[in-house]
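Structure data (mmCIF, C-alpha atoms) from input33.cif:
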```
data_my_file
loop_
_atom_site.group_PDB
_atom_site.id
_atom_site.type_symbol
_atom_site.label_atom_id
_atom_site.label_comp_id
_atom_site.auth_asym_id
_atom_site.auth_seq_id
_atom_site.Cartn_x
_atom_site.Cartn_y
_atom_site.Cartn_z
ATOM 1 C CA MET A 10 126.076 60.454 75.217
ATOM 2 C CA ILE A 11 126.026 61.757 78.782
ATOM 3 C CA VAL A 12 122.533 61.554 80.255
ATOM 4 C CA CYS A 13 123.289 62.693 83.807
ATOM 5 C CA HIS A 14 125.770 65.536 84.054
ATOM 6 C CA CYS A 15 125.664 65.588 87.867
ATOM 7 C CA ASN A 16 126.968 62.005 88.132
ATOM 8 C CA LEU A 17 128.608 61.678 84.695
ATOM 9 C CA ILE A 18 126.446 58.721 83.674
ATOM 10 C CA THR A 19 126.278 57.809 80.008
ATOM 11 C CA GLU A 20 123.369 56.351 78.102
ATOM 12 C CA LYS A 21 125.359 53.114 77.658
ATOM 13 C CA ASP A 22 125.772 52.833 81.460
ATOM 14 C CA ILE A 23 122.038 53.207 81.954
ATOM 15 C CA GLU A 24 121.169 50.768 79.158
ATOM 16 C CA GLN A 25 123.545 48.114 80.523
ATOM 17 C CA THR A 26 122.169 48.527 84.037
ATOM 18 C CA ILE A 27 118.607 48.135 82.769
ATOM 19 C CA LEU A 28 119.569 44.979 80.849
ATOM 20 C CA ASN A 29 121.233 43.526 83.957
ATOM 21 C CA LEU A 30 118.107 44.233 86.006
ATOM 22 C CA LEU A 31 115.869 42.679 83.340
ATOM 23 C CA GLU A 32 118.019 39.566 83.154
ATOM 24 C CA ALA A 33 117.605 39.122 86.906
ATOM 25 C CA ASP A 34 113.804 39.577 86.731
ATOM 26 C CA PRO A 35 112.196 40.391 83.350
ATOM 27 C CA TRP A 36 108.930 41.677 84.878
ATOM 28 C CA GLN A 37 110.198 43.885 87.660
ATOM 29 C CA LEU A 38 109.236 47.543 87.610
ATOM 30 C CA ILE A 39 112.365 49.527 86.814
ATOM 31 C CA VAL A 40 112.373 53.174 87.826
ATOM 32 C CA PRO A 41 115.156 55.777 87.723
ATOM 33 C CA ALA A 42 115.839 55.402 91.461
ATOM 34 C CA LYS A 43 116.466 51.660 91.009
ATOM 35 C CA VAL A 44 118.850 52.326 88.108
ATOM 36 C CA TYR A 45 120.770 54.934 90.100
ATOM 37 C CA HIS A 46 120.893 52.707 93.185
ATOM 38 C CA THR A 47 122.328 49.860 91.092
ATOM 39 C CA LEU A 48 124.959 52.258 89.734
ATOM 40 C CA ALA A 49 125.749 53.339 93.338
ATOM 41 C CA LYS A 50 124.730 56.913 92.468
ATOM 42 C CA ARG A 51 121.903 59.152 93.541
ATOM 43 C CA GLY A 52 119.775 61.675 91.713
ATOM 44 C CA ARG A 53 120.925 65.174 92.512
ATOM 45 C CA CYS A 54 118.994 67.663 90.404
ATOM 46 C CA CYS A 55 116.878 64.835 88.862
ATOM 47 C CA GLY A 56 116.573 66.733 85.594
ATOM 48 C CA CYS A 57 117.693 63.610 83.733
ATOM 49 C CA PHE A 58 114.946 61.367 85.144
ATOM 50 C CA PRO A 59 112.480 61.917 82.240
ATOM 51 C CA ASN A 60 115.229 60.859 79.813
ATOM 52 C CA VAL A 61 116.016 57.830 81.987
ATOM 53 C CA VAL A 62 112.329 56.831 81.967
ATOM 54 C CA GLU A 63 112.284 56.976 78.160
ATOM 55 C CA THR A 64 115.459 54.864 78.061
ATOM 56 C CA ILE A 65 113.907 52.331 80.451
ATOM 57 C CA ILE A 66 110.837 51.999 78.223
ATOM 58 C CA ARG A 67 112.905 51.689 75.029
ATOM 59 C CA VAL A 68 115.335 49.104 76.445
ATOM 60 C CA THR A 69 112.535 47.112 78.110
ATOM 61 C CA GLU A 70 110.569 46.936 74.845
ATOM 62 C CA ALA A 71 113.671 45.786 72.946
ATOM 63 C CA PHE A 72 114.553 43.220 75.642
ATOM 64 C CA HIS A 73 111.116 41.611 75.603
ATOM 65 C CA ALA A 74 110.939 41.657 71.804
ATOM 66 C CA LYS A 75 114.326 39.908 71.661
ATOM 67 C CA THR A 76 113.355 37.252 74.210
ATOM 68 C CA GLY A 77 110.152 36.403 72.351
ATOM 69 C CA THR A 78 107.695 37.536 74.984
ATOM 70 C CA GLY A 79 104.139 37.698 73.714
ATOM 71 C CA GLU A 80 103.169 41.063 72.240
ATOM 72 C CA ALA A 81 100.045 41.317 74.412
ATOM 73 C CA GLU A 82 102.095 40.949 77.607
ATOM 74 C CA ILE A 83 104.606 43.594 76.534
ATOM 75 C CA VAL A 84 101.968 46.125 75.528
ATOM 76 C CA SER A 85 99.991 45.601 78.717
ATOM 77 C CA TYR A 86 103.053 46.068 80.946
ATOM 78 C CA LEU A 87 104.400 49.144 79.148
ATOM 79 C CA ASP A 88 100.962 50.746 78.916
ATOM 80 C CA ARG A 89 100.731 50.496 82.698
ATOM 81 C CA VAL A 90 104.133 52.187 83.033
ATOM 82 C CA ARG A 91 103.131 54.938 80.598
ATOM 83 C CA GLY A 92 99.827 55.342 82.447
ATOM 84 C CA LEU A 93 101.651 55.893 85.714
ATOM 85 C CA ARG A 94 103.870 58.461 84.051
ATOM 86 C CA GLY A 95 100.773 60.216 82.720
ATOM 87 C CA GLN A 96 99.004 59.963 86.051
ATOM 88 C CA TYR A 97 101.844 61.386 88.118
ATOM 89 C CA GLY A 98 103.252 63.527 85.310
ATOM 90 C CA SER A 99 106.991 63.929 84.943
ATOM 91 C CA ARG A 100 106.618 67.550 83.810
ATOM 92 C CA SER A 101 104.721 68.782 86.851
ATOM 93 C CA HIS A 102 107.006 67.067 89.368
ATOM 94 C CA GLU A 103 110.286 67.832 87.697
ATOM 95 C CA GLY A 104 110.359 71.467 88.754
ATOM 96 C CA ARG A 105 111.771 72.665 85.441
ATOM 97 C CA THR A 106 110.297 74.166 82.351
ATOM 98 C CA THR A 107 110.072 72.025 79.237
ATOM 99 C CA GLY A 108 112.651 74.149 77.407
ATOM 100 C CA HIS A 109 115.212 73.513 80.136
ATOM 101 C CA ARG A 110 115.383 69.749 79.504
ATOM 102 C CA ALA A 111 117.311 67.863 76.877
ATOM 103 C CA ALA A 112 114.306 65.719 75.889
#
```

Please express the file's structure as structure tokens.
Amino acid sequence: MIVCHCNLITEKDIEQTILNLLEADPWQLIVPAKVYHTLAKRGRCCGCFPNVVETIIRVTEAFHAKTGTGEAEIVSYLDRVRGLRGQYGSRSHEGRTTGHRAA
């Protein structure tokens, strides 16, 4: 599935990039800009960033579950990421209405 129409980036591309970043450092904070930089792309309209954030959370949870990381560590880390998303709000900074997004 294509996640970013501006750069023609698929969900598989994003997932593989996230896994590569996690293998290098399992506890680094991965954000859409880091994923795009690793792919040698840049966000243009940035309408896909909320979907990329959800993919980052999903892949990170699966990665840490697979590697046997303690549940308390995973929950604490991902709750902080979700808290930041809630604090800074992807909807208010995206510049688009909710109905205009794919997610």

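Once the PyMOL selection byres ((chain A and resi 31) around 12) is applied to this file, the selection holds Glu24, Gln25, Thr26, Ile27, Leu28, Asn29, Leu30, Glu32, Ala33, Asp34, Pro35, Trp36, Gln37, Leu38, Ile39, Val40, Lys43, Val44, Ile65, Ile66, Val68, Thr69, Glu70, Ala71, Phe72, His73 and Thr76 of chain A.
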
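Computed from the coordinates, the CA of Gly92 in chain A to CA of Cys57 in chain A distance equals 19.7 Å.
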
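With CA of Arg51 in chain A on one side and CA of Glu20 in chain A on the other, the separation reads 15.8 Å.
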
One decimal, Å: what's the distance from CA of Ala49 in chain A over to CA of Thr64 in chain A, could you say?
-> 18.5 Å

Of the listed residues A:Arg67, A:Ala42, A:Arg53, A:Phe58, that which approaches Asn16 in chain A most closely, counting all atoms listed in the file = A:Arg53

Around range 54-58 of chain A, with edges along x, y and z and 4 Å added on all six sides, what centre and edge lengths do you get, in Å to one decimal, as lines of an AutoDock Vina configuration file?
```
center_x = 117.0
center_y = 64.5
center_z = 87.1
size_x = 12.0
size_y = 14.3
size_z = 14.7
```

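Proximity of A:Leu17, A:Val12, A:Pro41, A:Asp88 to Val62 in chain A, computed with all atoms listed in the file, is greatest for A:Pro41.
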